[in-house]
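One structure is given here, and the rest of the page talks about it.
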Amino acid sequence: MSTTIEPQVHERPEHPEAHPAHVSYLQDGYSIWSWLFTVDHKRIGILYLVFLTLFFAVGGTFAGLVRTNLISPHGAILDNDTYNKTFTAHGVVMLFLFLIPSIPAMMGNFFVPIMVGAKDMAFPKLNIASWYVWMLGSIVAIWALITGGLDTGWTLYPPYSSRFSHTNVVPGVFGVFILGFSSIMTGLNILVTIHRMRAPGMTWGRLPLFCWAMYATSLIQLLATPVLAITVALLGIEAASNALGTPIGIFDPALDGDPILFQHMFWFYSHPAVYIMIIPGMGVVSEILTCFSRKNIFGYTAVAWSSVGIAVIGFLVWAHHMFVAGISYYAALLFSFLTMLVAVPSAIKVFNWTSTLYRGQISFQAPMIFALGFLVLFTIGGLTGIPLATLGSDIHFHDTYYVVAHFHFVMVGGMVLAYLGALHFWWPKIFGVMYSDFWSRIGSILIIVGYILTFMPQFWLGYHGMPRRYPNYPPEFQFLNIMSTAGYTVQLAGFLTIAAYLTLSLFNGKKAGTNPWAATGLEWETASPPITHNFEHTPRVVCGPYEYSLNMTQTGGRADVR
Amino acid sequence: MSASAGALKHHFEDIEQQRGAERLGMWMFLATEILFFGGIFLAYTVYRHMYARDFADISGRLNVLVAGINTLLLLTSSMTMMFAIRYAQLGKRRPLMNCLLASAVMGAGFMGFKAYEYAQDYHEGLVPWASNFGKEVVPDPEHHDGIEYTLNEQWEKSGVSANRIRLFMTFYFVMTAIHGLHLIIGIGCILVLWGRAYLGWITPDRYVAVEVTSLYWHLVDAIWLFLMPLLYLAGPHHSLHF
Amino acid sequence: MILQHTIMPEQASDMAWHVDNVIWFITAVTGITGIGVYLAMLVFCIAYRRRTPNAIGPAPTPRILGSHSLELAWTVLPLLLFLGIFGWGAWVYNKALHPPADAPEVYIVGKQWMWKIQYPGGQRVILGQNSLAYSGDIGGEGFFEGVMVLPVNHPVKIVVTSEDVIHDFGVPAFRQKIDAVPGQYRATWYQPTRIGTYDIFCDQYCGTNHSLMVGKIMVVSEKDYQDWLDGKWKTGPGKNAVDGSLAHQGRQLFQKLNCIQCHDTQKSKAPVLEEIFNTRRPLKGGGTVIADDNYIRESIRRPRAKVREGWEPIMPAFGPDKVSEEDLIKVIAYIKSLKKGEMPVRTDDWVAPVGAPTEPPPPAKTTDGGTPK
């Protein structure tokens, strides 16, 4: 077996018509069965995309109802019970049906195999099974939310959720339980793919940062989700026993249980879960920033390892959600300290990304606007996490709108922008068509502006003490609440704009070439859209992923060849 | 190359990559199981620390003889699974099938003893959501005055809280039931392998299927090895009975 | 100072000042850093924008892979800054968790959807703005207009628990909150520093009326606080003496004994009793008397001994079998505390308590109707 690497002759992917057997994955079978029984990771990514879009719209509708109700200090359109069910539904749908699967199950499934130079994921059948499990869990969860509803908040704290709430707690947690399996399956697949299926020459140090991010995310998905599963299973058993009239207590203090134990177990998953939501977005931002400033990433090793660092330390900080719940002073000290540690890798990334722009050649198409928007908004989100990690100030901010603003900044201002950026960056590769450049810039700016209008006022509201989950509030908070709702409508306009031009592009968008952005990753060396097996021949990787300054793709060819 | 042509799946480059992926995938899955059970083990341990006396009382009443037999069954079945891997590698179909069947039968034996134990628990009034909880008369290890006491009476006299016993029994049933469910799934997988061996589909180059199934089986066994002392050996037993 | 009058909520406790200091320090430092990053981004995006419009092709950018010294700097410096902030925050948290040893304890029980507050002397306040639509769920109780009163510049330790689900007693003006966990006691403390009225919110989601489980804290001077505890000072016009004080117990007796039947301000058959203590009252048949404790007591025990000018001697006597000496003191305390407009209004659909006289007895034939003093 030869160990030398032959001088690379860059092979351009052949035009599909030259080899009728190697059609694009979209044309490889048109029946509904060829989609529902596919094992092609790209088709599975599209299946996820369709329903992610639908669920985002559902979650966004719940958000609209919440914000509209908050126009009046006494609840403008909903009574208290309905409002409580609405914000719970907003949280459950947005977190479990959109944010957690968004980039991992859609972009991760589609691009990780291509980026490592493989023909498919390690376990294609497990992949399509993960989609079916996700659909099943979604159906159960949405059924629970719509018929009767769930009014516990997505955090499900007992004893309220197990003994006092007369809503669909058991079917709701059952849905969440099933959804967890889908998350584990996706994570497992991505981990094994990155470990075992890298093409020759694709060393760990040459992996795109998106793959590093997906690796770190998958670690969390694999290891944290099972703890959520057992926690909601125990809660479900307790709630069911109450509903059936033979109460057993696991977390119920009336039966010698400990409700704080639930909080520990719940947050042991749910804190790492928020890193599942943000780390993939950070990976996307690395891809976009490098491409649109035509520069190598500043500090590849630091950015790569910071993703892993966030994942690992992220497992150790869960009780920072419980500083006023009555944990001991020493426990609080420990968790606040560890939370400060987890902030450092994120800070490193922000500085490294900013430095990547230095002496670049920057252009501002929609993917770049989203990535720059991410940089601005995620920074605010991350920095406002510091007063929450700090013990003295968290007492004041806990359970107020300050926390709501903080997490929306990182999840929407960060993750949703990154998701949209990923969609806009890879759209020509996924579908082979290009969308309107003009409208995409409008859409991205609308969302960023609307977003800031919605959530900036909430920091002030939280500082002044307005609590979360309040349909009735003191009248002096009304003006800022109305401003926040106005921002929602601007965001809505942005999302509708994006949905419109992206859908239109599928029907009459300009055909995209192999590499419309002149990017350097392996995915830009396949056809647009890729053939079913991704590559005609197994690629041989000779350099790192961001050699823009050398105008070189990962297999040694020229990056500007379209 | 030709010997493994049938075993190689289309998206892998070579058989070693495939085997490596399959093994790694199974180990990762086992990691999720460890965290799943770890969660409930942790919750149980917290309560055992808080309610040590009550948990000791009820743990001492569980049937440790049956639990011991079950432990032996699982350990032996893990051994036969390891032999099965070797026979698969050597292409010896009959011994392979016998070892697989032995593991499956011992697993089923475990479930049979478990069912017996559950029925015994019910008759002793130890099922926390049943209406007869605490109301059955059982032998009293602490008071030997010849009078028969129900469990509730015994607990009241020794200052043990019925609520905490209920908590223990809830954990007992949930933990053993989840473990049992995993065991049944494992038996199913072993029987599927047995069927494939019967049809001649497990050739030496396809032995990894037996190896990963065996890994899963070992994990279920290992979980039992932690579960059993945690639940059954948390307090002194006063008698060994069937 | 500017901040205090525009952006900040009121700082009404000792801890509030410390917490605000931490918050503003963090905001300033992270704000400056954030603005620094944004400035860098802006400058780079302008200075290094692509000149050839929208052309995507080979670009002469330098191959910068990183800088160990820069990266080390922006790893270590943020870490040190964060750890410093951690230390300061931990110090403030430590202060918040450990009340001074001599602080009196006020007990607070949270329940869906109200707060029941108990003072060491037995005084009780109930807070909550439940809508009457849910009065069925909560035992018929509706709006609670209680106000929690605290003295300025004195520490108080609050001990909180819950009867049902997890709640949280939060006071933004004090920058403090603490979860109310069923089955456990949690404690924190305040030293109010400014007189005023501040919001109380429930800060842990607890069901339908979570947002109505709110109330007010009134911080008053020490004298007013003492008077309030004694039932002499009320928190507002039309408010009653605090539950648990003698005056409040007297009020309950006043209604239970059905004194309100005649001493009603609307359709009175007897003198209005608001603000009569220590005033000179004209008597029937000439002469005046100072309405002191003894006079009031005599008016209850032997009402026909001294009858007020302009009224008939129709009040029944309330002997020790109807009103014990201790209860008498409470009623007198109530009457002494009454200010204008505080007498409850008797409405026509009030049902008289069981055993209470429903009509004034006919005028007595003799002048002496009660037992001797």
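How things are named: the first chain in the structure tokens is A, the next is B, and so on; residues count from 1 in each chain; ligands count from 1 in the order shown.
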
Worksheet entry | Contact residues around region 37-44 of chain A with only C-alpha atoms at 6 Å, ignoring same-chain residues under 4 positions, as a PyMOL selection string | chain A and resi 33+109-110+124-125+128

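Using only C-alpha atoms, the protein and nucleic acid residues lying no more than 12 Å from Asp224 (chain C), apart from those fewer than 4 places from it along its own chain, are Val149, Leu150, Pro151, Val152, Ile195, Met218, Val219, Val220, Trp228, Leu229, Asp230, Gly231, Lys232, Trp233, Lys234 and Thr235 of chain C.
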
Worksheet entry | One-decimal distance in Å that lies between CA of Phe315 (chain A) and CA of Trp91 (chain C) |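 Separation between CA of Trp91 (chain C) and CA of Phe315 (chain A): 25.2 Å.
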
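The coordinates place CA of Ile300 (chain C) at 17.1 Å from CA of Ser268 (chain C).
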
Mind running chain B against chain A at 8 Å and telling me each contacting residue's nearest atom pair with the distance in Å (one decimal), counting only C-alpha atoms, chain and number ascending, as CSV?
```
residue,atom,partner,partner_atom,distance
B:His11,CA,A:Lys119,CA,5.4
B:Phe12,CA,A:Met197,CA,7.6
B:Gln17,CA,A:Arg196,CA,6.4
B:Gly20,CA,A:Arg196,CA,7.0
B:Ala21,CA,A:Arg196,CA,5.9
B:Leu24,CA,A:Val192,CA,6.6
B:Gly25,CA,A:Val192,CA,6.1
B:Met28,CA,A:Leu188,CA,6.6
B:Phe29,CA,A:Leu188,CA,7.3
B:Ala31,CA,A:Leu223,CA,7.0
B:Thr32,CA,A:Leu223,CA,5.6
B:Glu33,CA,A:Pro226,CA,7.2
B:Leu35,CA,A:Pro226,CA,5.9
B:Phe36,CA,A:Pro226,CA,4.6
B:Phe37,CA,A:Ile230,CA,7.6
B:Gly38,CA,A:Val227,CA,7.8
B:Gly39,CA,A:Val227,CA,5.6
B:Ile40,CA,A:Ile230,CA,6.7
B:Ala43,CA,A:Leu261,CA,7.3
B:Pro128,CA,A:Ile248,CA,6.9
B:Trp129,CA,A:Thr246,CA,5.3
B:Ala130,CA,A:Thr246,CA,7.5
B:Asn163,CA,A:Leu255,CA,5.5
B:Arg164,CA,A:Asp256,CA,6.2
B:Arg166,CA,A:Ile248,CA,7.1
B:Leu167,CA,A:Ile250,CA,6.3
B:Thr170,CA,A:Ile248,CA,7.4
```

Practice prompt. Select from region 131-239 of chain C everything DSSP, run on the backbone, classes as strand (DSSP E or B), then give the selection as a ChimeraX atom specification.
Written response: /C:143-145,148-151,156-162,167-171,176-180,182,186-190,192,196-202,215-220
